[in-house]
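Trainee: Got a structure for you, written out below as structure tokens; questions coming shortly.
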Amino acid sequence: MSRSANNPPAKKRNLQSVVIYVVGGAVLLAGLIAIVLAVTAGDRQSSEDLPAYSGVPAEWQNRNILGDPDAPVTVQAWEDFRCPACAAFNQRVKPGLVENYIVTGKIKLEFRHLPLQQHEPGASLAAQAAECAADQGSFWSYHDRIFQATPSGQSAFIMERLIDYAVELNLDQDSFASCLTNQTHLVAVSESSLAARSAGLNSTPSVLVDGIPVNNPLDYEAVSAAIDDRLQSGQ
């Protein structure tokens, strides 16, 4: 009896199954390697790669506020530490704001927490960790270190890793860990999020210049133009 073309011999079917398993395993392995490399890349970065704030007087670094307290213009950045666009804002826009507006006393930059639901649980935990760093006078350096890790995803935002970042920055590990595990700043982060919602903000980064939203916050020129407009109108 001849075998149908649609019913190959058992040996051939077994060989096909082996090929499928091998190919599938290779794809899975490649995916795992990609994840490991992404996390490792985030881990390779360190406090040595962080922006320096040497040009900003110590008295102008007040927890989540960076700049002259009497600056004529206030820029608010409502952000989520797990938000890739926020990490881009920190990399593309903030350095220019520091160099051209903060150091010169023209603006003060206020970071506001807006952890998004789709980025939980890491987003709120990272926000609390930043506040724990602020307790030790290191909000902005810790803020920058977390954003270095954003591309690595949730694995970079577990409690152990957040504590590791504090150690990298020479913060007191015991105090930081106690602050984070006890959720000392949970209420503050929750209140910040509620304030954002009350103001109609539901995406990150939301950048406001004297309360006026910037339509394209990832464009330095757009943010700069909004600041210049406020500076000129205040003269």
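Just so we're on the same page: first chain in the structure tokens is A, next is B, and so on; residues restart at 1 for each chain, and ligands are numbered from 1 in the order they show up.
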Show me, as CSV, the residues of segment 87-114 of chain A having an atom within 12 Å of segment 132-149 of chain A, each with the closest atom pair and its distance in Å, using only C-alpha atoms.
Mentor:
residue,atom,partner,partner_atom,distance
A:Ala87,CA,A:Phe147,CA,5.2
A:Ala88,CA,A:Phe147,CA,8.7
A:Phe89,CA,A:Phe147,CA,9.9
A:Asn90,CA,A:Phe147,CA,7.5
A:Gln91,CA,A:Phe147,CA,8.8
A:Lys94,CA,A:Asp144,CA,10.4
A:Pro95,CA,A:Asp144,CA,11.0
A:Val98,CA,A:Trp140,CA,11.8
A:Leu109,CA,A:Trp140,CA,10.9
A:Glu110,CA,A:Trp140,CA,10.7
A:Phe111,CA,A:Trp140,CA,9.3
A:Arg112,CA,A:His143,CA,11.4
A:His113,CA,A:His143,CA,11.2
Trainee: Go through A:Pro205, A:Gly122, A:Pro57, A:Gly234 one by one, measure the shortest atom-to-atom distance of each to Ser152 of chain A using only C-alpha atoms, and give the residue with the smallest value.
Mentor: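 Nearest to Ser152 of chain A: A:Gly122.
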Trainee: Could you list, as a list in words, every residue within 9 Å of Cys83 of chain A, counting only C-alpha atoms and ignoring same-chain residues fewer than 5 positions away?
Mentor: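 Everything that qualifies: Ala88, Pro115, Leu116, His119, Ala123, Phe147, Thr150, Pro151, Thr204 and Pro205 of chain A.
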Trainee: Report the distance between atom CA of Leu180 of chain A and atom CA of Ala85 of chain A in Å, rounded to one decimal place.
Mentor: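 These atoms are spaced 25.2 Å apart.
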Trainee: Taking only residues of segment 53-105 of chain A that have an atom at most 12 Å from an atom of segment 186-194 of chain A, what is each one's shortest atom pair and its distance in Å to one decimal, using only C-alpha atoms, in chain and number order, as CSV?
Mentor:
residue,atom,partner,partner_atom,distance
A:Ala77,CA,A:Ser192,CA,11.9
A:Trp78,CA,A:Ser193,CA,9.0
A:Glu79,CA,A:Ser193,CA,9.8
A:Asp80,CA,A:Ser193,CA,10.1
Trainee: Take the residues from that selection and write them out as a CSV table (one decimal), in the first residue's frame, keeping N, CA and C atoms.
Mentor:
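File selection-v3.csv, as written:
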chain,number,residue,atom,x,y,z
A,77,ALA,N,8.6,69.3,35.3
A,77,ALA,CA,8.7,68.0,34.4
A,77,ALA,C,8.0,66.9,35.2
A,78,TRP,N,6.9,66.5,34.8
A,78,TRP,CA,6.1,65.4,35.4
A,78,TRP,C,6.5,64.2,34.7
A,79,GLU,N,7.2,63.2,35.4
A,79,GLU,CA,7.8,62.1,34.7
A,79,GLU,C,7.6,60.8,35.5
A,80,ASP,N,7.9,59.7,34.7
A,80,ASP,CA,7.8,58.3,35.2
A,80,ASP,C,9.2,57.7,34.9
Trainee: What's the 7 Å shell around segment 65-73 of chain A, counting only C-alpha atoms, without same-chain residues fewer than 5 positions away, as a list in words?
Mentor: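 Contacts, with the query itself left out: Trp60, Ile102, Gly105, Lys106, Ile107, Lys108, Leu109, Glu110, Phe111, Asp210, Arg230 and Leu231 of chain A.
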Trainee: For atom CA of Gly96 of chain A and atom CA of Ser224 of chain A, quote the distance in Å rounded to one decimal.
Mentor: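 Atom CA of Ser224 of chain A lies at a distance of 8.8 Å from atom CA of Gly96 of chain A.
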Trainee: Any idea what's packed within 12 Å of Gln173 of chain A, counting only C-alpha atoms, ignoring anything in its chain fewer than 5 positions away? Could you give it as a list in words?
Mentor: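 Counting only C-alpha atoms, the residues come to Ala129, Cys132, Ala133, Gln136, Glu160, Leu162, Ile163, Asp164, Tyr165, Ala166, Val167, Glu168, Ser178, Cys179, Leu180 and Thr181 of chain A.
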Trainee: From the set A:Ile158, A:Ala222, A:Ile212, A:Leu201, which residue has the shortest atom-to-atom contact distance to Leu97 of chain A, counting only C-alpha atoms?
Mentor: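 Among the listed residues, the smallest separation from Leu97 of chain A belongs to A:Ala222.
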Trainee: I need the residues in segment 28-176 of chain A that are alpha helix (DSSP H) according to DSSP; give them as a PyMOL selection string.
Mentor: chain A and resi 28-44+84-92+94-97+122-135+139-149+159-168+173-176
Trainee: Residues of the last selection are to be written out with C-alpha atoms, as a CSV table (one decimal), in the first residue's frame.
Mentor:
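Contents of part_31.csv, as written:
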chain,number,residue,atom,x,y,z
A,28,LEU,CA,14.1,31.3,22.7
A,29,LEU,CA,17.8,31.3,23.5
A,30,ALA,CA,18.4,34.3,21.3
A,31,GLY,CA,15.6,36.2,23.1
A,32,LEU,CA,17.0,35.3,26.5
A,33,ILE,CA,20.5,36.5,25.4
A,34,ALA,CA,19.0,39.7,24.1
A,35,ILE,CA,17.3,40.3,27.5
A,36,VAL,CA,20.5,39.5,29.4
A,37,LEU,CA,22.6,41.8,27.2
A,38,ALA,CA,20.1,44.7,27.7
A,39,VAL,CA,20.2,44.3,31.5
A,40,THR,CA,23.9,43.9,31.5
A,41,ALA,CA,24.3,47.1,29.4
A,42,GLY,CA,22.3,49.0,31.9
A,43,ASP,CA,24.3,47.5,34.8
A,44,ARG,CA,27.6,48.5,33.1
A,84,PRO,CA,11.5,55.7,27.7
A,85,ALA,CA,10.3,59.2,26.6
A,86,CYS,CA,11.2,60.6,30.0
A,87,ALA,CA,14.7,59.0,29.8
A,88,ALA,CA,15.0,60.7,26.4
A,89,PHE,CA,14.0,64.1,27.9
A,90,ASN,CA,16.6,63.6,30.5
A,91,GLN,CA,19.3,62.9,27.9
A,92,ARG,CA,18.3,65.3,25.1
A,94,LYS,CA,17.7,68.6,30.5
A,95,PRO,CA,21.5,69.1,29.9
A,96,GLY,CA,20.7,72.1,27.8
A,97,LEU,CA,18.4,73.5,30.4
A,122,GLY,CA,8.6,49.6,39.1
A,123,ALA,CA,7.5,53.1,38.4
A,124,SER,CA,6.2,53.9,41.9
A,125,LEU,CA,9.0,52.0,43.6
A,126,ALA,CA,11.6,54.0,41.7
A,127,ALA,CA,9.8,57.3,42.6
A,128,GLN,CA,10.0,56.4,46.2
A,129,ALA,CA,13.6,55.4,45.9
A,130,ALA,CA,14.4,58.8,44.4
A,131,GLU,CA,12.8,60.5,47.4
A,132,CYS,CA,14.8,58.3,49.7
A,133,ALA,CA,17.9,59.5,47.8
A,134,ALA,CA,16.6,63.1,48.3
A,135,ASP,CA,16.7,62.5,52.0
A,139,PHE,CA,18.0,63.3,44.4
A,140,TRP,CA,19.4,64.5,41.0
A,141,SER,CA,22.3,62.1,40.8
A,142,TYR,CA,20.0,59.2,41.7
A,143,HIS,CA,17.4,60.5,39.3
A,144,ASP,CA,20.0,60.4,36.5
A,145,ARG,CA,21.2,56.9,37.5
A,146,ILE,CA,17.6,55.5,37.4
A,147,PHE,CA,17.1,56.9,33.9
A,148,GLN,CA,20.3,55.2,32.8
A,149,ALA,CA,18.5,51.9,33.7
A,159,MET,CA,14.1,46.8,45.1
A,160,GLU,CA,17.6,45.1,45.1
A,161,ARG,CA,18.7,47.0,42.0
A,162,LEU,CA,17.3,50.3,43.3
A,163,ILE,CA,19.4,49.8,46.5
A,164,ASP,CA,22.4,49.0,44.3
A,165,TYR,CA,22.2,52.3,42.6
A,166,ALA,CA,22.2,54.1,45.9
A,167,VAL,CA,25.4,52.1,46.9
A,168,GLU,CA,27.0,53.2,43.6
A,173,GLN,CA,22.9,51.8,52.3
A,174,ASP,CA,21.1,51.0,55.6
A,175,SER,CA,19.2,54.3,55.7
A,176,PHE,CA,18.3,54.1,52.1
Trainee: Rounded to one decimal in Å, what is the spacing between atom CA of Ser203 of chain A and atom CA of Asp219 of chain A?
Mentor: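 Computed distance, atom CA of Ser203 of chain A to atom CA of Asp219 of chain A, equals 16.1 Å.
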